[in-house]
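File shown: start37.pdb (PDB, C-alpha atoms).
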ATOM      1  CA  LEU R 209     -50.858 -14.555   5.295  1.00  0.00           C
ATOM      2  CA  ASP R 210     -48.203 -13.512   2.764  1.00  0.00           C
ATOM      3  CA  VAL R 211     -46.655 -16.996   2.934  1.00  0.00           C
ATOM      4  CA  ALA R 212     -50.087 -18.583   2.532  1.00  0.00           C
ATOM      5  CA  MET R 213     -50.780 -16.410  -0.524  1.00  0.00           C
ATOM      6  CA  VAL R 214     -47.530 -17.504  -2.164  1.00  0.00           C
ATOM      7  CA  LYS R 215     -48.341 -21.133  -1.431  1.00  0.00           C
ATOM      8  CA  ALA R 216     -51.835 -20.796  -2.892  1.00  0.00           C
ATOM      9  CA  LYS R 217     -50.409 -19.153  -6.037  1.00  0.00           C
ATOM     10  CA  ASN R 218     -47.793 -21.906  -6.435  1.00  0.00           C
ATOM     11  CA  GLN R 219     -50.598 -24.456  -6.258  1.00  0.00           C
ATOM     12  CA  GLY R 220     -52.382 -22.724  -9.113  1.00  0.00           C
ATOM     13  CA  LYS R 221     -55.154 -21.251  -6.962  1.00  0.00           C
ATOM     14  CA  CYS R 222     -56.618 -17.947  -8.064  1.00  0.00           C
ATOM     15  CA  LYS R 223     -57.362 -16.806  -4.514  1.00  0.00           C
ATOM     16  CA  LEU R 224     -56.327 -17.459  -0.937  1.00  0.00           C
ATOM     17  CA  ASP R 225     -58.274 -20.301   0.661  1.00  0.00           C
ATOM     18  CA  ILE R 226     -58.574 -21.765   4.159  1.00  0.00           C
ATOM     19  CA  SER R 227     -56.423 -24.831   3.474  1.00  0.00           C
ATOM     20  CA  SER R 228     -53.523 -22.647   2.285  1.00  0.00           C
ATOM     21  CA  ILE R 229     -53.744 -20.514   5.430  1.00  0.00           C
ATOM     22  CA  LEU R 230     -53.939 -23.462   7.799  1.00  0.00           C
ATOM     23  CA  SER R 231     -51.060 -25.303   6.106  1.00  0.00           C
ATOM     24  CA  VAL R 232     -48.579 -22.591   7.138  1.00  0.00           C
ATOM     25  CA  HIS R 233     -49.941 -22.094  10.654  1.00  0.00           C
ATOM     26  CA  LYS R 234     -49.639 -25.509  12.285  1.00  0.00           C
ATOM     27  CA  SER R 235     -47.911 -24.199  15.419  1.00  0.00           C
ATOM     28  CA  GLU R 236     -50.558 -21.453  15.738  1.00  0.00           C
ATOM     29  CA  ILE R 237     -53.330 -24.049  15.472  1.00  0.00           C
ATOM     30  CA  LYS R 238     -51.826 -25.853  18.475  1.00  0.00           C
ATOM     31  CA  LYS R 239     -52.027 -22.571  20.413  1.00  0.00           C
ATOM     32  CA  PHE R 240     -55.634 -22.074  19.312  1.00  0.00           C
ATOM     33  CA  LEU R 241     -56.644 -25.540  20.515  1.00  0.00           C
ATOM     34  CA  LYS R 242     -55.142 -24.767  23.952  1.00  0.00           C
ATOM     35  CA  MET R 243     -56.370 -21.164  24.107  1.00  0.00           C
ATOM     36  CA  ASP R 244     -57.889 -19.904  27.367  1.00  0.00           C
ATOM     37  CA  PRO R 245     -61.703 -19.956  26.849  1.00  0.00           C
ATOM     38  CA  GLN R 246     -62.191 -16.378  28.062  1.00  0.00           C
ATOM     39  CA  ILE R 247     -59.416 -15.002  25.855  1.00  0.00           C
ATOM     40  CA  LEU R 248     -60.837 -16.968  22.915  1.00  0.00           C
ATOM     41  CA  GLU R 249     -64.360 -15.611  23.467  1.00  0.00           C
ATOM     42  CA  ASN R 250     -63.028 -12.073  23.905  1.00  0.00           C
ATOM     43  CA  THR R 251     -61.034 -12.328  20.672  1.00  0.00           C
ATOM     44  CA  ALA R 252     -63.957 -13.854  18.782  1.00  0.00           C
ATOM     45  CA  VAL R 253     -66.301 -11.045  19.874  1.00  0.00           C
ATOM     46  CA  HIS R 254     -63.654  -8.441  19.013  1.00  0.00           C
ATOM     47  CA  GLU R 255     -63.099  -9.759  15.485  1.00  0.00           C
ATOM     48  CA  THR R 256     -66.823 -10.281  14.908  1.00  0.00           C
ATOM     49  CA  GLY R 257     -67.397  -6.643  15.866  1.00  0.00           C
ATOM     50  CA  HIS R 258     -64.985  -5.538  13.142  1.00  0.00           C
ATOM     51  CA  PHE R 259     -66.659  -7.896  10.665  1.00  0.00           C
ATOM     52  CA  ILE R 260     -70.238  -6.765  11.324  1.00  0.00           C
ATOM     53  CA  VAL R 261     -69.518  -3.033  11.101  1.00  0.00           C
ATOM     54  CA  ALA R 262     -67.365  -3.500   7.988  1.00  0.00           C
ATOM     55  CA  LYS R 263     -70.092  -5.561   6.335  1.00  0.00           C
ATOM     56  CA  GLU R 264     -72.776  -3.022   7.166  1.00  0.00           C
ATOM     57  CA  LEU R 265     -70.835   0.129   6.254  1.00  0.00           C
ATOM     58  CA  GLN R 266     -68.373  -0.956   3.552  1.00  0.00           C
ATOM     59  CA  ASN R 267     -70.141  -3.739   1.676  1.00  0.00           C
ATOM     60  CA  LYS R 268     -70.375  -1.666  -1.529  1.00  0.00           C
ATOM     61  CA  TYR R 269     -66.638  -1.496  -2.050  1.00  0.00           C
ATOM     62  CA  SER R 270     -64.926  -4.153   0.101  1.00  0.00           C
ATOM     63  CA  ILE R 271     -65.031  -7.907   0.698  1.00  0.00           C
ATOM     64  CA  ILE R 272     -64.253  -9.722   3.950  1.00  0.00           C
ATOM     65  CA  ASN R 273     -62.637 -12.945   2.763  1.00  0.00           C
ATOM     66  CA  VAL R 274     -61.591 -14.449   6.083  1.00  0.00           C
ATOM     67  CA  VAL R 275     -62.061 -13.855   9.799  1.00  0.00           C
ATOM     68  CA  SER R 276     -59.695 -15.741  12.102  1.00  0.00           C
ATOM     69  CA  VAL R 277     -59.088 -16.140  15.831  1.00  0.00           C
ATOM     70  CA  ILE R 278     -56.109 -18.458  15.374  1.00  0.00           C
ATOM     71  CA  PRO R 279     -53.340 -16.556  17.194  1.00  0.00           C
ATOM     72  CA  THR R 280     -50.038 -15.676  15.537  1.00  0.00           C
ATOM     73  CA  LYS R 281     -46.973 -13.804  16.775  1.00  0.00           C
ATOM     74  CA  ASP R 282     -48.481 -10.546  15.458  1.00  0.00           C
ATOM     75  CA  TYR R 283     -52.138 -10.792  16.499  1.00  0.00           C
ATOM     76  CA  LEU R 284     -54.755 -12.895  18.287  1.00  0.00           C
ATOM     77  CA  GLY R 285     -57.319 -12.429  15.529  1.00  0.00           C
ATOM     78  CA  VAL R 286     -57.730 -10.775  12.152  1.00  0.00           C
ATOM     79  CA  ASN R 287     -60.220  -9.719   9.466  1.00  0.00           C
ATOM     80  CA  CYS R 288     -58.864 -10.102   5.928  1.00  0.00           C
ATOM     81  CA  ILE R 289     -60.526  -7.343   3.902  1.00  0.00           C
ATOM     82  CA  GLU R 290     -59.860  -6.419   0.286  1.00  0.00           C
ATOM     83  CA  ASP R 291     -61.294  -3.781  -2.028  1.00  0.00           C
ATOM     84  CA  LYS R 292     -63.722  -4.908  -4.695  1.00  0.00           C
ATOM     85  CA  LYS R 293     -62.298  -4.709  -8.203  1.00  0.00           C
ATOM     86  CA  ASN R 294     -63.455  -1.884 -10.476  1.00  0.00           C
ATOM     87  CA  VAL R 295     -65.261  -0.131  -7.623  1.00  0.00           C
ATOM     88  CA  ILE R 296     -64.093   3.384  -6.826  1.00  0.00           C
ATOM     89  CA  HIS R 297     -65.052   4.907  -3.499  1.00  0.00           C
ATOM     90  CA  SER R 298     -64.573   8.568  -2.681  1.00  0.00           C
ATOM     91  CA  GLN R 299     -62.687   9.902   0.294  1.00  0.00           C
ATOM     92  CA  SER R 300     -65.768  11.646   1.643  1.00  0.00           C
ATOM     93  CA  ARG R 301     -66.132  12.568   5.284  1.00  0.00           C
ATOM     94  CA  LYS R 302     -68.814   9.916   5.787  1.00  0.00           C
ATOM     95  CA  GLU R 303     -66.661   7.159   4.293  1.00  0.00           C
ATOM     96  CA  ILE R 304     -63.677   8.021   6.477  1.00  0.00           C
ATOM     97  CA  ILE R 305     -65.917   8.148   9.560  1.00  0.00           C
ATOM     98  CA  ASN R 306     -67.083   4.664   8.558  1.00  0.00           C
ATOM     99  CA  GLU R 307     -63.449   3.509   8.246  1.00  0.00           C
ATOM    100  CA  ILE R 308     -62.819   4.771  11.762  1.00  0.00           C
ATOM    101  CA  ALA R 309     -66.006   3.089  12.995  1.00  0.00           C
ATOM    102  CA  VAL R 310     -64.755  -0.245  11.632  1.00  0.00           C
ATOM    103  CA  SER R 311     -61.432   0.253  13.436  1.00  0.00           C
ATOM    104  CA  LEU R 312     -63.199   0.965  16.737  1.00  0.00           C
ATOM    105  CA  ALA R 313     -65.833  -1.758  16.370  1.00  0.00           C
ATOM    106  CA  GLY R 314     -63.812  -4.589  17.916  1.00  0.00           C
ATOM    107  CA  ASP R 315     -63.347  -2.816  21.222  1.00  0.00           C
ATOM    108  CA  ILE R 316     -66.935  -1.551  21.213  1.00  0.00           C
ATOM    109  CA  ALA R 317     -68.207  -5.106  20.712  1.00  0.00           C
ATOM    110  CA  THR R 318     -66.255  -6.339  23.748  1.00  0.00           C
ATOM    111  CA  LYS R 319     -67.641  -3.446  25.827  1.00  0.00           C
ATOM    112  CA  LEU R 320     -71.200  -4.307  24.793  1.00  0.00           C
ATOM    113  CA  LYS R 321     -70.555  -7.849  26.067  1.00  0.00           C
ATOM    114  CA  ASN R 322     -69.029  -6.420  29.282  1.00  0.00           C
ATOM    115  CA  PHE R 323     -65.642  -7.995  28.542  1.00  0.00           C
ATOM    116  CA  GLU R 324     -62.231  -6.604  29.375  1.00  0.00           C
ATOM    117  CA  PRO R 325     -60.508  -4.735  26.492  1.00  0.00           C
ATOM    118  CA  SER R 326     -58.643  -7.106  24.184  1.00  0.00           C
ATOM    119  CA  ALA R 327     -55.031  -6.930  23.033  1.00  0.00           C
ATOM    120  CA  GLY R 328     -56.146  -5.533  19.665  1.00  0.00           C
ATOM    121  CA  LYS R 329     -57.463  -2.277  21.155  1.00  0.00           C
ATOM    122  CA  CYS R 330     -54.123  -0.426  21.002  1.00  0.00           C
ATOM    123  CA  GLY R 331     -53.542  -1.057  17.290  1.00  0.00           C
ATOM    124  CA  ASP R 332     -57.178  -0.292  16.460  1.00  0.00           C
ATOM    125  CA  MET R 333     -57.062   3.027  18.309  1.00  0.00           C
ATOM    126  CA  GLU R 334     -53.798   4.003  16.638  1.00  0.00           C
ATOM    127  CA  ARG R 335     -55.298   3.292  13.211  1.00  0.00           C
ATOM    128  CA  ALA R 336     -58.485   5.222  14.041  1.00  0.00           C
ATOM    129  CA  THR R 337     -56.489   8.200  15.332  1.00  0.00           C
ATOM    130  CA  ASN R 338     -54.354   8.265  12.179  1.00  0.00           C
ATOM    131  CA  TYR R 339     -57.510   8.304  10.038  1.00  0.00           C
ATOM    132  CA  ALA R 340     -58.804  11.243  12.095  1.00  0.00           C
ATOM    133  CA  LYS R 341     -55.518  13.145  11.750  1.00  0.00           C
ATOM    134  CA  ARG R 342     -55.628  12.621   7.997  1.00  0.00           C
ATOM    135  CA  MET R 343     -59.210  13.916   7.874  1.00  0.00           C
ATOM    136  CA  ILE R 344     -58.174  17.096   9.645  1.00  0.00           C
ATOM    137  CA  LEU R 345     -54.671  17.891   8.437  1.00  0.00           C
ATOM    138  CA  GLN R 346     -54.583  16.430   4.943  1.00  0.00           C
ATOM    139  CA  LEU R 347     -58.165  16.512   3.700  1.00  0.00           C
ATOM    140  CA  GLY R 348     -59.648  19.315   5.791  1.00  0.00           C
ATOM    141  CA  LEU R 349     -62.780  17.275   6.532  1.00  0.00           C
ATOM    142  CA  ASN R 350     -63.364  18.611  10.030  1.00  0.00           C
ATOM    143  CA  ASP R 351     -65.446  21.279  11.726  1.00  0.00           C
ATOM    144  CA  SER R 352     -62.593  23.668  12.573  1.00  0.00           C
ATOM    145  CA  GLU R 353     -60.723  26.065  10.294  1.00  0.00           C
ATOM    146  CA  ASN R 354     -57.770  26.584  12.617  1.00  0.00           C
ATOM    147  CA  PHE R 355     -55.118  24.564  10.785  1.00  0.00           C
ATOM    148  CA  GLY R 356     -54.140  26.840   7.899  1.00  0.00           C
ATOM    149  CA  GLU R 357     -53.138  25.150   4.658  1.00  0.00           C
ATOM    150  CA  TYR R 358     -54.064  21.524   5.314  1.00  0.00           C
ATOM    151  CA  ASN R 359     -51.758  19.924   2.753  1.00  0.00           C
ATOM    152  CA  SER R 360     -48.704  21.594   4.312  1.00  0.00           C
ATOM    153  CA  PHE R 361     -48.975  19.038   7.129  1.00  0.00           C
ATOM    154  CA  ALA R 362     -48.637  16.017   4.810  1.00  0.00           C
ATOM    155  CA  ILE R 363     -45.268  14.992   3.367  1.00  0.00           C
ATOM    156  CA  ASP R 364     -45.223  11.823   1.250  1.00  0.00           C
ATOM    157  CA  ASN R 365     -48.682  11.075   2.656  1.00  0.00           C
ATOM    158  CA  GLU R 366     -47.318  11.132   6.227  1.00  0.00           C
ATOM    159  CA  ILE R 367     -48.916  13.591   8.638  1.00  0.00           C
ATOM    160  CA  GLN R 368     -46.341  15.973  10.155  1.00  0.00           C
ATOM    161  CA  THR R 369     -47.785  17.191  13.470  1.00  0.00           C
ATOM    162  CA  GLN R 370     -44.444  18.584  14.671  1.00  0.00           C
ATOM    163  CA  TYR R 371     -45.116  21.740  12.627  1.00  0.00           C
ATOM    164  CA  LEU R 372     -48.235  22.607  14.620  1.00  0.00           C
ATOM    165  CA  SER R 373     -48.259  25.325  17.238  1.00  0.00           C
ATOM    166  CA  GLU R 374     -49.239  24.430  20.805  1.00  0.00           C
ATOM    167  CA  LYS R 375     -52.643  25.997  20.220  1.00  0.00           C
ATOM    168  CA  GLN R 376     -53.091  23.941  17.052  1.00  0.00           C
ATOM    169  CA  LYS R 377     -52.018  20.758  18.849  1.00  0.00           C
ATOM    170  CA  ASN R 378     -54.675  21.327  21.503  1.00  0.00           C
ATOM    171  CA  LEU R 379     -57.262  22.038  18.819  1.00  0.00           C
ATOM    172  CA  LEU R 380     -56.140  18.906  16.967  1.00  0.00           C
ATOM    173  CA  THR R 381     -56.679  16.784  20.071  1.00  0.00           C
ATOM    174  CA  GLU R 382     -60.175  18.244  20.475  1.00  0.00           C
ATOM    175  CA  GLU R 383     -61.004  17.623  16.807  1.00  0.00           C
ATOM    176  CA  ILE R 384     -59.685  14.041  16.935  1.00  0.00           C
ATOM    177  CA  ASN R 385     -61.757  13.287  20.036  1.00  0.00           C
ATOM    178  CA  LYS R 386     -64.899  14.676  18.349  1.00  0.00           C
ATOM    179  CA  ILE R 387     -64.302  12.524  15.273  1.00  0.00           C
ATOM    180  CA  LEU R 388     -63.611   9.403  17.333  1.00  0.00           C
ATOM    181  CA  LYS R 389     -66.791   9.945  19.366  1.00  0.00           C
ATOM    182  CA  GLU R 390     -68.799  10.385  16.169  1.00  0.00           C
ATOM    183  CA  ALA R 391     -67.361   7.176  14.713  1.00  0.00           C
ATOM    184  CA  GLU R 392     -67.860   5.346  18.005  1.00  0.00           C
ATOM    185  CA  LYS R 393     -71.559   6.224  17.919  1.00  0.00           C
ATOM    186  CA  VAL R 394     -71.834   4.947  14.330  1.00  0.00           C
ATOM    187  CA  ALA R 395     -70.246   1.611  15.268  1.00  0.00           C
ATOM    188  CA  THR R 396     -72.244   1.307  18.497  1.00  0.00           C
ATOM    189  CA  ASP R 397     -75.542   1.932  16.683  1.00  0.00           C
ATOM    190  CA  VAL R 398     -74.733  -0.785  14.124  1.00  0.00           C
ATOM    191  CA  LEU R 399     -73.686  -3.331  16.756  1.00  0.00           C
ATOM    192  CA  ASN R 400     -76.671  -2.660  19.026  1.00  0.00           C
ATOM    193  CA  LYS R 401     -78.923  -3.579  16.104  1.00  0.00           C
ATOM    194  CA  LYS R 402     -76.897  -6.695  15.283  1.00  0.00           C
ATOM    195  CA  MET R 403     -76.301  -8.256  18.710  1.00  0.00           C
ATOM    196  CA  ASP R 404     -77.840 -11.534  17.551  1.00  0.00           C
ATOM    197  CA  LYS R 405     -75.316 -11.728  14.718  1.00  0.00           C
ATOM    198  CA  LEU R 406     -72.490 -10.808  17.102  1.00  0.00           C
ATOM    199  CA  GLU R 407     -73.474 -13.788  19.243  1.00  0.00           C
ATOM    200  CA  THR R 408     -73.922 -16.189  16.315  1.00  0.00           C
ATOM    201  CA  ILE R 409     -70.709 -15.432  14.445  1.00  0.00           C
ATOM    202  CA  SER R 410     -68.485 -15.159  17.526  1.00  0.00           C
ATOM    203  CA  LYS R 411     -69.698 -18.605  18.639  1.00  0.00           C
ATOM    204  CA  ALA R 412     -68.917 -19.991  15.190  1.00  0.00           C
ATOM    205  CA  LEU R 413     -65.435 -18.472  15.319  1.00  0.00           C
ATOM    206  CA  MET R 414     -64.760 -20.042  18.692  1.00  0.00           C
ATOM    207  CA  LYS R 415     -65.720 -23.418  17.261  1.00  0.00           C
ATOM    208  CA  GLN R 416     -63.988 -23.155  13.889  1.00  0.00           C
ATOM    209  CA  GLY R 417     -61.032 -20.855  14.528  1.00  0.00           C
ATOM    210  CA  ILE R 418     -61.353 -19.434  11.035  1.00  0.00           C
ATOM    211  CA  LEU R 419     -64.311 -18.644   8.774  1.00  0.00           C
ATOM    212  CA  ARG R 420     -64.278 -17.980   5.036  1.00  0.00           C
ATOM    213  CA  LYS R 421     -66.513 -15.559   3.153  1.00  0.00           C
ATOM    214  CA  GLU R 422     -69.158 -18.128   2.149  1.00  0.00           C
ATOM    215  CA  GLN R 423     -69.599 -19.263   5.756  1.00  0.00           C
ATOM    216  CA  LEU R 424     -69.643 -15.712   7.078  1.00  0.00           C
ATOM    217  CA  ASP R 425     -72.306 -14.642   4.588  1.00  0.00           C
ATOM    218  CA  LYS R 426     -74.546 -17.609   5.418  1.00  0.00           C
ATOM    219  CA  LEU R 427     -74.127 -17.126   9.164  1.00  0.00           C
ATOM    220  CA  TYR R 428     -74.918 -13.441   8.749  1.00  0.00           C
ATOM    221  CA  SER R 429     -78.067 -14.083   6.749  1.00  0.00           C
ATOM    222  CA  GLY R 430     -79.252 -16.817   9.125  1.00  0.00           C
ATOM    223  CA  GLU R 431     -79.053 -19.446   6.403  1.00  0.00           C
ATOM    224  CA  LEU R 432     -76.421 -21.297   8.447  1.00  0.00           C
ATOM    225  CA  LYS R 433     -76.328 -21.941  12.208  1.00  0.00           C
ATOM    226  CA  PRO R 434     -73.055 -22.404  14.158  1.00  0.00           C
ATOM    227  CA  GLU R 435     -74.130 -25.903  15.245  1.00  0.00           C
ATOM    228  CA  ASN R 436     -74.535 -26.924  11.600  1.00  0.00           C
ATOM    229  CA  LEU R 437     -71.003 -25.982  10.584  1.00  0.00           C
ATOM    230  CA  PRO R 438     -68.811 -28.932   9.604  1.00  0.00           C
ATOM    231  CA  LYS R 439     -66.190 -30.075  12.086  1.00  0.00           C
ATOM    232  CA  PRO R 440     -63.186 -27.745  11.723  1.00  0.00           C
ATOM    233  CA  ASN R 441     -60.430 -29.169   9.570  1.00  0.00           C
ATOM    234  CA  LEU R 442     -57.549 -28.205  11.875  1.00  0.00           C
ATOM    235  CA  ILE R 443     -54.949 -30.762  10.837  1.00  0.00           C
ATOM    236  CA  LEU R 444     -51.722 -30.727  12.879  1.00  0.00           C
TER     237      LEU R 444
END

Could you show the structure in this file as structure tokens?
Amino acid sequence: LDVAMVKAKNQGKCKLDISSILSVHKSEIKKFLKMDPQILENTAVHETGHFIVAKELQNKYSIINVVSVIPTKDYLGVNCIEDKKNVIHSQSRKEIINEIAVSLAGDIATKLKNFEPSAGKCGDMERATNYAKRMILQLGLNDSENFGEYNSFAIDNEIQTQYLSEKQKNLLTEEINKILKEAEKVATDVLNKKMDKLETISKALMKQGILRKEQLDKLYSGELKPENLPKPNLIL
């Protein structure tokens, strides 16, 4: 995406667009066109899960510009999310729980469809766990008071768990699990209410490979149906 952004800027574009992304991913497009149908569907559901929960919980302060299931060397799919300009959001407990819910949403979506876990689960869980650690050790936004001076466990914004006692490490694990379960419930509740949108947008992703914000918004609102999307412009 960094290369695509540079290319878009050199072409005088004020923002990253689909054509700029596709122009630097020709080999990946070939892989997408030959992708195993089950892996493609799994990836599409996973990425759509992230998209739906992010849209529902973070719409006030973030924008999902692109969702892609065109595989690269680093990932099978991706949501490109950026913060809205001039919008400040607090680091409240609820907002961080929502961040964790978005991280967990891809795997939850695949579970709701009774699919096997996707390759993105490991990275998502690591990100969610790091958010939870930060809540506990840096911000003190947890239910336990057994960690002393919270900020002493953050050096240059990195959480330093090696300074915890064995008792604190066990408590930390318990606290993290409680936070993850809370966030999992938030994401699951959102997705259970939006299963029709999960189906619609994942189907569109499987057909198109990549969807931009305008298409995502129209698919989400029901204004656009997957069968009415234009033929994907995947030029090799």

Tell me which residues come within 10 Å of (-64.2, -20.0, 8.8), as a PyMOL selection string, counting all atoms listed in the file in the file's coordinates. chain R and resi 226+273-277+409+412-424+437+440-441

Need to verify the contact set: segment 301-318 of chain R, 10 Å, all atoms listed in the file, exclusion of same-chain residues closer than 4 positions in sequence. Can you return it as an mmCIF file with C-alpha atoms, in the frame of the given file?
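Result saved to part_27.cif:
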data_model
loop_
_atom_site.group_PDB
_atom_site.id
_atom_site.type_symbol
_atom_site.label_atom_id
_atom_site.label_comp_id
_atom_site.auth_asym_id
_atom_site.auth_seq_id
_atom_site.Cartn_x
_atom_site.Cartn_y
_atom_site.Cartn_z
ATOM 1 C CA GLU R 249 -64.360 -15.611 23.467
ATOM 2 C CA ASN R 250 -63.028 -12.073 23.905
ATOM 3 C CA THR R 251 -61.034 -12.328 20.672
ATOM 4 C CA ALA R 252 -63.957 -13.854 18.782
ATOM 5 C CA VAL R 253 -66.301 -11.045 19.874
ATOM 6 C CA HIS R 254 -63.654 -8.441 19.013
ATOM 7 C CA GLU R 255 -63.099 -9.759 15.485
ATOM 8 C CA THR R 256 -66.823 -10.281 14.908
ATOM 9 C CA GLY R 257 -67.397 -6.643 15.866
ATOM 10 C CA HIS R 258 -64.985 -5.538 13.142
ATOM 11 C CA PHE R 259 -66.659 -7.896 10.665
ATOM 12 C CA ILE R 260 -70.238 -6.765 11.324
ATOM 13 C CA VAL R 261 -69.518 -3.033 11.101
ATOM 14 C CA ALA R 262 -67.365 -3.500 7.988
ATOM 15 C CA LYS R 263 -70.092 -5.561 6.335
ATOM 16 C CA GLU R 264 -72.776 -3.022 7.166
ATOM 17 C CA LEU R 265 -70.835 0.129 6.254
ATOM 18 C CA GLN R 266 -68.373 -0.956 3.552
ATOM 19 C CA HIS R 297 -65.052 4.907 -3.499
ATOM 20 C CA ASN R 322 -69.029 -6.420 29.282
ATOM 21 C CA PHE R 323 -65.642 -7.995 28.542
ATOM 22 C CA GLU R 324 -62.231 -6.604 29.375
ATOM 23 C CA PRO R 325 -60.508 -4.735 26.492
ATOM 24 C CA SER R 326 -58.643 -7.106 24.184
ATOM 25 C CA ALA R 327 -55.031 -6.930 23.033
ATOM 26 C CA GLY R 328 -56.146 -5.533 19.665
ATOM 27 C CA LYS R 329 -57.463 -2.277 21.155
ATOM 28 C CA CYS R 330 -54.123 -0.426 21.002
ATOM 29 C CA GLY R 331 -53.542 -1.057 17.290
ATOM 30 C CA ASP R 332 -57.178 -0.292 16.460
ATOM 31 C CA MET R 333 -57.062 3.027 18.309
ATOM 32 C CA GLU R 334 -53.798 4.003 16.638
ATOM 33 C CA ARG R 335 -55.298 3.292 13.211
ATOM 34 C CA ALA R 336 -58.485 5.222 14.041
ATOM 35 C CA THR R 337 -56.489 8.200 15.332
ATOM 36 C CA ASN R 338 -54.354 8.265 12.179
ATOM 37 C CA TYR R 339 -57.510 8.304 10.038
ATOM 38 C CA ALA R 340 -58.804 11.243 12.095
ATOM 39 C CA ARG R 342 -55.628 12.621 7.997
ATOM 40 C CA MET R 343 -59.210 13.916 7.874
ATOM 41 C CA LEU R 347 -58.165 16.512 3.700
ATOM 42 C CA GLY R 348 -59.648 19.315 5.791
ATOM 43 C CA LEU R 349 -62.780 17.275 6.532
ATOM 44 C CA ASN R 350 -63.364 18.611 10.030
ATOM 45 C CA ILE R 387 -64.302 12.524 15.273
ATOM 46 C CA LEU R 388 -63.611 9.403 17.333
ATOM 47 C CA LYS R 389 -66.791 9.945 19.366
ATOM 48 C CA GLU R 390 -68.799 10.385 16.169
ATOM 49 C CA ALA R 391 -67.361 7.176 14.713
ATOM 50 C CA GLU R 392 -67.860 5.346 18.005
ATOM 51 C CA LYS R 393 -71.559 6.224 17.919
ATOM 52 C CA VAL R 394 -71.834 4.947 14.330
ATOM 53 C CA ALA R 395 -70.246 1.611 15.268
ATOM 54 C CA THR R 396 -72.244 1.307 18.497
ATOM 55 C CA VAL R 398 -74.733 -0.785 14.124
ATOM 56 C CA LEU R 399 -73.686 -3.331 16.756
ATOM 57 C CA ASN R 400 -76.671 -2.660 19.026
ATOM 58 C CA MET R 403 -76.301 -8.256 18.710
ATOM 59 C CA LEU R 406 -72.490 -10.808 17.102
#

Would you work out the distance separating atom CA of Tyr269 of chain R from atom CA of Lys292 of chain R, expressed in Å to one decimal? 5.2 Å

Quick check, in Å to one decimal: how far apart do atom CA of Ile344 of chain R and atom CA of Lys375 of chain R lie? 14.9 Å

Between atom CA of Pro438 of chain R and atom CA of Lys426 of chain R, what is the distance, to one decimal in Å? 13.4 Å
